[in-house]
Amino acid sequence: MSAGVRLRPLAALLALGLSSAVIAQSDDWDDWGEESPTQWSGYVEAAFSTRFKRDPLFDNRASRAELKGQIEVSHELEHAQLSAKLDVHADGIEDGLWFDLREGMLSLPVGSRGHARIGRQVLSWGTGDLLFINDRFPKDFETPLVGGEDLYFKAPSNSLRLDWRFDALSVDLAWTPRFTPDRYIDGQRLGFFDARSGERVGGRDLIDASEPGGSEWGLRLHRRHEGVEYALYGYRGFDKQPLGADAQGRPSHFRRDSAGFSLRGPVFGGIASFEAGREWSGAELGAGVGAVAARVPHKSAAMAAFEKEWRPKLTIGLQLYAERHDSEPGNASALNGESRQLVSLRITRQALRDRLNLSAIAFHSPNQHDRWLRLTASHRLSDQWLLGASANVFGGRVQRFFGQLEDDSNAGFWVRRQF
């Protein structure tokens with residue numbers, strides 16, 4: 001959960017109630033005259049998820065128990081737009097109130113062909129479905145795995161994004177002045193395998209990582225020709241998770257640069273894509289000789305995918321993914337020389353005039369023998385009320401990513417009131 005001001009849950013209920021009243025009042029006033037340049041929306045949601053069985057690392061069988069509110073506002077200026085999106089969580093697991101500003105930015109034109117977005121925002125590019133090769137922006141690997149929505153796999157950062165559109169080529173540039181890590185699994189809500197102890201650990205925040213203070217850059221060059229989108233990517237920054245270690249053995253983020261490309265276009269009545277990338281690892285920012293105990297080796301990755309609507313409202317997508325870390329003599333990283341293959345299959349179904357949405361995505365690693373099944377469903381009862389449910393089922397060897405989460409397999413539901 002994002003750090004922020006922490007209050008008692010009762011205060012959260014009052015805050016969400018006041019927010020709802022403000023939104024409703026704004027809508028009432030808009031009905032009396034011209035459309036206001038300020039637009040409000042929001043919702044209040046109650047959510048609960050529980051593990052299938054008790055995880056010995058955690059006192060509470062529940063993995064998610066929260067009352068959440070979201071407020072979204074946009075304001076149109078003469079030549080720009082201000083927008084903000086705030087999540088407020090009354091958390092029953094950590095017993096407190098948390099604020100997560102997912103968006104707070106200014107959007108404005110830059111000349112006749114450019115556009116800028118300045119401030120807190122969610123950045124994303126690439127072709128993968130929950131698989132990321134050239135998308136090096138922050139991710140959240142905790143919230144969706146305990147019952148949150150797919151969109152929360154992507155986390156916000158304080159960034160500047162500049163986009164230019166030319167006849168032959170489009171250019172996207174993203175700059176994050178201060179490194180923003182992933183919201184990775186740290187043991188507080190989900191357990192993980194600790195290679196140093198050879199055991200699965202959890203039950204509290206167990207990772208005290210040193211974070212670099214440098215900036216991050218992302219570049220994408222892309223164009224569309226005869227229905228096919230071509231893209232080149234570049235990134236200069238750091239490992240998004242502290243998978244390395246300094247000379248004292250403290251988890252650390254090291255320099256990480258990458259480059260890659262992707263293709264995406266229509267094939268056989270569906271959409272096919274191919275994406276590949278190469279990552280290079282460097283020293284920790286400011287680290288001298290001998291200051292590195294373990295560093296994530298260079299990595300190559302590639303992915304091919306195909307998605308098609310096989311019948312009305314029924315879509316099936318397949319992904320084949322492979323990655324390999326270089327073998328570096330003397331590198332103590334657990335990823336040294338590691339390779340991983342993944343196959344994923346997603347099936348989505350819409351029914352009841354699109355009021356019911358069902359989705360199932362399954363991942364399986366043929367060489368590391370771990371797996372993950374994610375099921376989600378949402379039903380719109382009316383314009384204001386939605387119901388949803390989800391399940392995450394993990395399995396495999398405890399040393400592998402999905403296998404380490406087997407005891408955290410969970411299912412839950414949520415109910416939402418929109419304003």
# chains A, B, ... in the order shown; residues from 1 in each chain; ligands from 1

$ closest_atom_pairs --of "stretch 65-151 of chain A" --to "stretch 230-241 of chain A" --cutoff "10 Å" --atoms "only C-alpha atoms" --output "JSON lines"
{"residue": "A:Trp125", "atom": "CA", "partner": "A:Tyr233", "partner_atom": "CA", "distance": 9.2}
{"residue": "A:Gly126", "atom": "CA", "partner": "A:Ala231", "partner_atom": "CA", "distance": 8.6}
{"residue": "A:Ile133", "atom": "CA", "partner": "A:Tyr233", "partner_atom": "CA", "distance": 10.0}
{"residue": "A:Asn134", "atom": "CA", "partner": "A:Tyr233", "partner_atom": "CA", "distance": 6.5}
{"residue": "A:Asp135", "atom": "CA", "partner": "A:Tyr233", "partner_atom": "CA", "distance": 8.7}
{"residue": "A:Arg136", "atom": "CA", "partner": "A:Tyr235", "partner_atom": "CA", "distance": 7.2}
{"residue": "A:Phe137", "atom": "CA", "partner": "A:Lys240", "partner_atom": "CA", "distance": 8.1}
{"residue": "A:Pro138", "atom": "CA", "partner": "A:Lys240", "partner_atom": "CA", "distance": 7.0}
{"residue": "A:Lys139", "atom": "CA", "partner": "A:Lys240", "partner_atom": "CA", "distance": 8.4}

$ write_last_selection --atoms "N, CA and C atoms" --output "mmCIF file, in the first residue's frame"
data_model
loop_
_atom_site.group_PDB
_atom_site.id
_atom_site.type_symbol
_atom_site.label_atom_id
_atom_site.label_comp_id
_atom_site.auth_asym_id
_atom_site.auth_seq_id
_atom_site.Cartn_x
_atom_site.Cartn_y
_atom_site.Cartn_z
ATOM 1 N N TRP A 125 3.642 1.509 -22.268
ATOM 2 C CA TRP A 125 3.685 1.190 -23.692
ATOM 3 C C TRP A 125 4.165 -0.246 -23.856
ATOM 4 N N GLY A 126 4.114 -0.765 -25.063
ATOM 5 C CA GLY A 126 4.430 -2.173 -25.296
ATOM 6 C C GLY A 126 3.183 -2.934 -25.696
ATOM 7 N N ILE A 133 8.108 -6.252 -21.495
ATOM 8 C CA ILE A 133 9.486 -6.331 -21.991
ATOM 9 C C ILE A 133 10.091 -4.936 -22.100
ATOM 10 N N ASN A 134 9.475 -4.091 -22.910
ATOM 11 C CA ASN A 134 9.990 -2.731 -23.091
ATOM 12 C C ASN A 134 9.242 -1.700 -22.257
ATOM 13 N N ASP A 135 8.196 -2.105 -21.585
ATOM 14 C CA ASP A 135 7.497 -1.236 -20.643
ATOM 15 C C ASP A 135 8.257 -1.273 -19.322
ATOM 16 N N ARG A 136 9.095 -0.262 -19.102
ATOM 17 C CA ARG A 136 9.953 -0.219 -17.914
ATOM 18 C C ARG A 136 9.428 0.754 -16.867
ATOM 19 N N PHE A 137 8.150 1.085 -16.959
ATOM 20 C CA PHE A 137 7.550 2.000 -16.002
ATOM 21 C C PHE A 137 7.072 1.229 -14.770
ATOM 22 N N PRO A 138 6.798 1.924 -13.651
ATOM 23 C CA PRO A 138 6.484 1.230 -12.390
ATOM 24 C C PRO A 138 5.260 0.325 -12.480
ATOM 25 N N LYS A 139 5.353 -0.821 -11.826
ATOM 26 C CA LYS A 139 4.253 -1.791 -11.743
ATOM 27 C C LYS A 139 3.910 -2.047 -10.274
#

$ select_by_dssp --residues "stretch 14-240 of chain A" --states "strand (DSSP E or B)" --output "PyMOL selection string"
chain A and resi 38-51+62-76+81-91+96-110+114-121+139-140+154+157-165+170-176+183+192-194+199-201+210+216-225+228-238

$ closest_residue --among "A:Trp280, A:Phe192, A:Phe306, A:Trp164" --to "A:Gly265" --atoms "only C-alpha atoms"
A:Phe306

$ residues_around --residues "A:Asp383" --least-positions-apart "3" --cutoff "12 Å" --atoms "only C-alpha atoms" --output "list in words"
Tyr43, Arg355, His379, Arg380, Leu386, Leu387, Arg416, Arg417, Gln418 and Phe419 of chain A

$ closest_atom_pairs --of "stretch 38-152 of chain A" --to "stretch 357-371 of chain A" --cutoff "12 Å" --atoms "only C-alpha atoms" --output "Markdown table"
| residue | atom | partner | partner_atom | distance |
| --- | --- | --- | --- | --- |
| A:Asp129 | CA | A:Ile361 | CA | 9.5 |
| A:Leu130 | CA | A:Ile361 | CA | 9.6 |
| A:Leu131 | CA | A:Phe363 | CA | 10.3 |
| A:Glu149 | CA | A:Ser359 | CA | 11.4 |
| A:Asp150 | CA | A:Ser359 | CA | 10.6 |

$ write_last_selection --atoms "C-alpha atoms" --output "short mmCIF file (atom, residue, chain, number, x, y, z; two decimals), in the first residue's frame"
data_model
loop_
_atom_site.label_atom_id
_atom_site.label_comp_id
_atom_site.auth_asym_id
_atom_site.auth_seq_id
_atom_site.Cartn_x
_atom_site.Cartn_y
_atom_site.Cartn_z
CA ASP A 129 -0.89 -8.66 -21.56
CA LEU A 130 0.52 -8.64 -17.99
CA LEU A 131 3.94 -9.37 -19.52
CA GLU A 149 -8.27 -4.92 -10.69
CA ASP A 150 -5.93 -5.48 -13.64
#

$ atom_distance --atom1 "atom CA of A:Leu314" --atom2 "atom CA of A:Gly270"
12.4 Å

$ closest_residue --among "A:Ser215, A:Gln341, A:Ser107, A:Gln399" --to "A:Ser83" --atoms "only C-alpha atoms"
A:Ser107

$ closest_residue --among "A:Phe58, A:Trp98, A:Phe261, A:Phe254" --to "A:Val201" --atoms "only C-alpha atoms"
A:Phe58

$ atom_distance --atom1 "atom CA of A:Leu108" --atom2 "atom CA of A:Glu76"
10.4 Å

$ select_by_dssp --residues "stretch 134-258 of chain A" --states "helix (DSSP H, G or I)" --output "VMD selection string"
chain A and resid 144 to 146 150 to 153

$ closest_residue --among "A:Gly147, A:Gly282, A:Gly202, A:Gly337" --to "A:Thr50" --atoms "only C-alpha atoms"
A:Gly147

$ closest_residue --among "A:Glu35, A:Glu66, A:Asp186, A:Asp257" --to "A:Phe413" --atoms "only C-alpha atoms"
A:Glu66

$ atom_distance --atom1 "atom CA of A:Ile207" --atom2 "atom CA of A:Leu243"
10.5 Å

$ closest_atom_pairs --of "stretch 123-207 of chain A" --to "stretch 331-336 of chain A" --cutoff "12 Å" --atoms "only C-alpha atoms" --output "CSV"
residue,atom,partner,partner_atom,distance
A:Phe193,CA,A:Ala334,CA,11.4
A:Asp194,CA,A:Ala334,CA,10.2
A:Ala195,CA,A:Ala334,CA,7.2
A:Arg196,CA,A:Ala334,CA,9.3
A:Gly198,CA,A:Ala334,CA,11.3

$ residues_around --residues "A:Lys53" --least-positions-apart "5" --cutoff "10 Å" --atoms "only C-alpha atoms" --output "PDB file with all heavy atoms, in the first residue's frame"
ATOM      1  N   ARG A  61      -6.040 -14.593   7.960  1.00  0.00           N
ATOM      2  CA  ARG A  61      -6.306 -15.340   6.737  1.00  0.00           C
ATOM      3  C   ARG A  61      -6.733 -14.414   5.604  1.00  0.00           C
ATOM      4  O   ARG A  61      -6.520 -14.709   4.432  1.00  0.00           O
ATOM      5  CB  ARG A  61      -7.377 -16.394   7.000  1.00  0.00           C
ATOM      6  CG  ARG A  61      -7.647 -17.304   5.806  1.00  0.00           C
ATOM      7  CD  ARG A  61      -8.493 -18.498   6.208  1.00  0.00           C
ATOM      8  NE  ARG A  61      -8.900 -19.277   5.051  1.00  0.00           N
ATOM      9  CZ  ARG A  61      -9.575 -20.419   5.120  1.00  0.00           C
ATOM     10  NH1 ARG A  61      -9.909 -20.904   6.323  1.00  0.00           N
ATOM     11  NH2 ARG A  61      -9.911 -21.067   4.027  1.00  0.00           N
ATOM     12  N   ALA A  62      -7.348 -13.274   5.934  1.00  0.00           N
ATOM     13  CA  ALA A  62      -7.760 -12.312   4.921  1.00  0.00           C
ATOM     14  C   ALA A  62      -6.520 -11.669   4.290  1.00  0.00           C
ATOM     15  O   ALA A  62      -5.559 -11.343   4.982  1.00  0.00           O
ATOM     16  CB  ALA A  62      -8.653 -11.239   5.525  1.00  0.00           C
ATOM     17  N   ASP A 407       0.676 -20.519  -1.115  1.00  0.00           N
ATOM     18  CA  ASP A 407      -0.096 -20.394   0.124  1.00  0.00           C
ATOM     19  C   ASP A 407      -0.903 -19.105   0.180  1.00  0.00           C
ATOM     20  O   ASP A 407      -1.746 -18.940   1.071  1.00  0.00           O
ATOM     21  CB  ASP A 407       0.835 -20.465   1.334  1.00  0.00           C
ATOM     22  CG  ASP A 407       1.361 -21.877   1.577  1.00  0.00           C
ATOM     23  OD1 ASP A 407       0.800 -22.816   0.989  1.00  0.00           O
ATOM     24  OD2 ASP A 407       2.340 -22.030   2.329  1.00  0.00           O
ATOM     25  N   ASP A 408      -0.642 -18.163  -0.734  1.00  0.00           N
ATOM     26  CA  ASP A 408      -1.384 -16.904  -0.780  1.00  0.00           C
ATOM     27  C   ASP A 408      -2.490 -16.928  -1.831  1.00  0.00           C
ATOM     28  O   ASP A 408      -3.081 -15.887  -2.130  1.00  0.00           O
ATOM     29  CB  ASP A 408      -0.435 -15.742  -1.075  1.00  0.00           C
ATOM     30  CG  ASP A 408       0.467 -15.424   0.110  1.00  0.00           C
ATOM     31  OD1 ASP A 408      -0.045 -15.372   1.230  1.00  0.00           O
ATOM     32  OD2 ASP A 408       1.682 -15.246  -0.097  1.00  0.00           O
ATOM     33  N   SER A 409      -2.795 -18.085  -2.410  1.00  0.00           N
ATOM     34  CA  SER A 409      -3.932 -18.188  -3.334  1.00  0.00           C
ATOM     35  C   SER A 409      -5.190 -17.685  -2.641  1.00  0.00           C
ATOM     36  O   SER A 409      -5.427 -17.985  -1.462  1.00  0.00           O
ATOM     37  CB  SER A 409      -4.130 -19.642  -3.780  1.00  0.00           C
ATOM     38  OG  SER A 409      -3.006 -20.100  -4.500  1.00  0.00           O
ATOM     39  N   ASN A 410      -6.000 -16.897  -3.353  1.00  0.00           N
ATOM     40  CA  ASN A 410      -7.108 -16.216  -2.687  1.00  0.00           C
ATOM     41  C   ASN A 410      -8.289 -16.022  -3.620  1.00  0.00           C
ATOM     42  O   ASN A 410      -8.183 -16.162  -4.838  1.00  0.00           O
ATOM     43  CB  ASN A 410      -6.630 -14.853  -2.165  1.00  0.00           C
ATOM     44  CG  ASN A 410      -6.132 -13.945  -3.300  1.00  0.00           C
ATOM     45  OD1 ASN A 410      -6.919 -13.329  -4.013  1.00  0.00           O
ATOM     46  ND2 ASN A 410      -4.816 -13.887  -3.488  1.00  0.00           N
TER      47      ASN A 410
END

$ closest_residue --among "A:Glu216, A:Glu103, A:Glu406, A:Glu199" --to "A:Leu82" --atoms "only C-alpha atoms"
A:Glu103
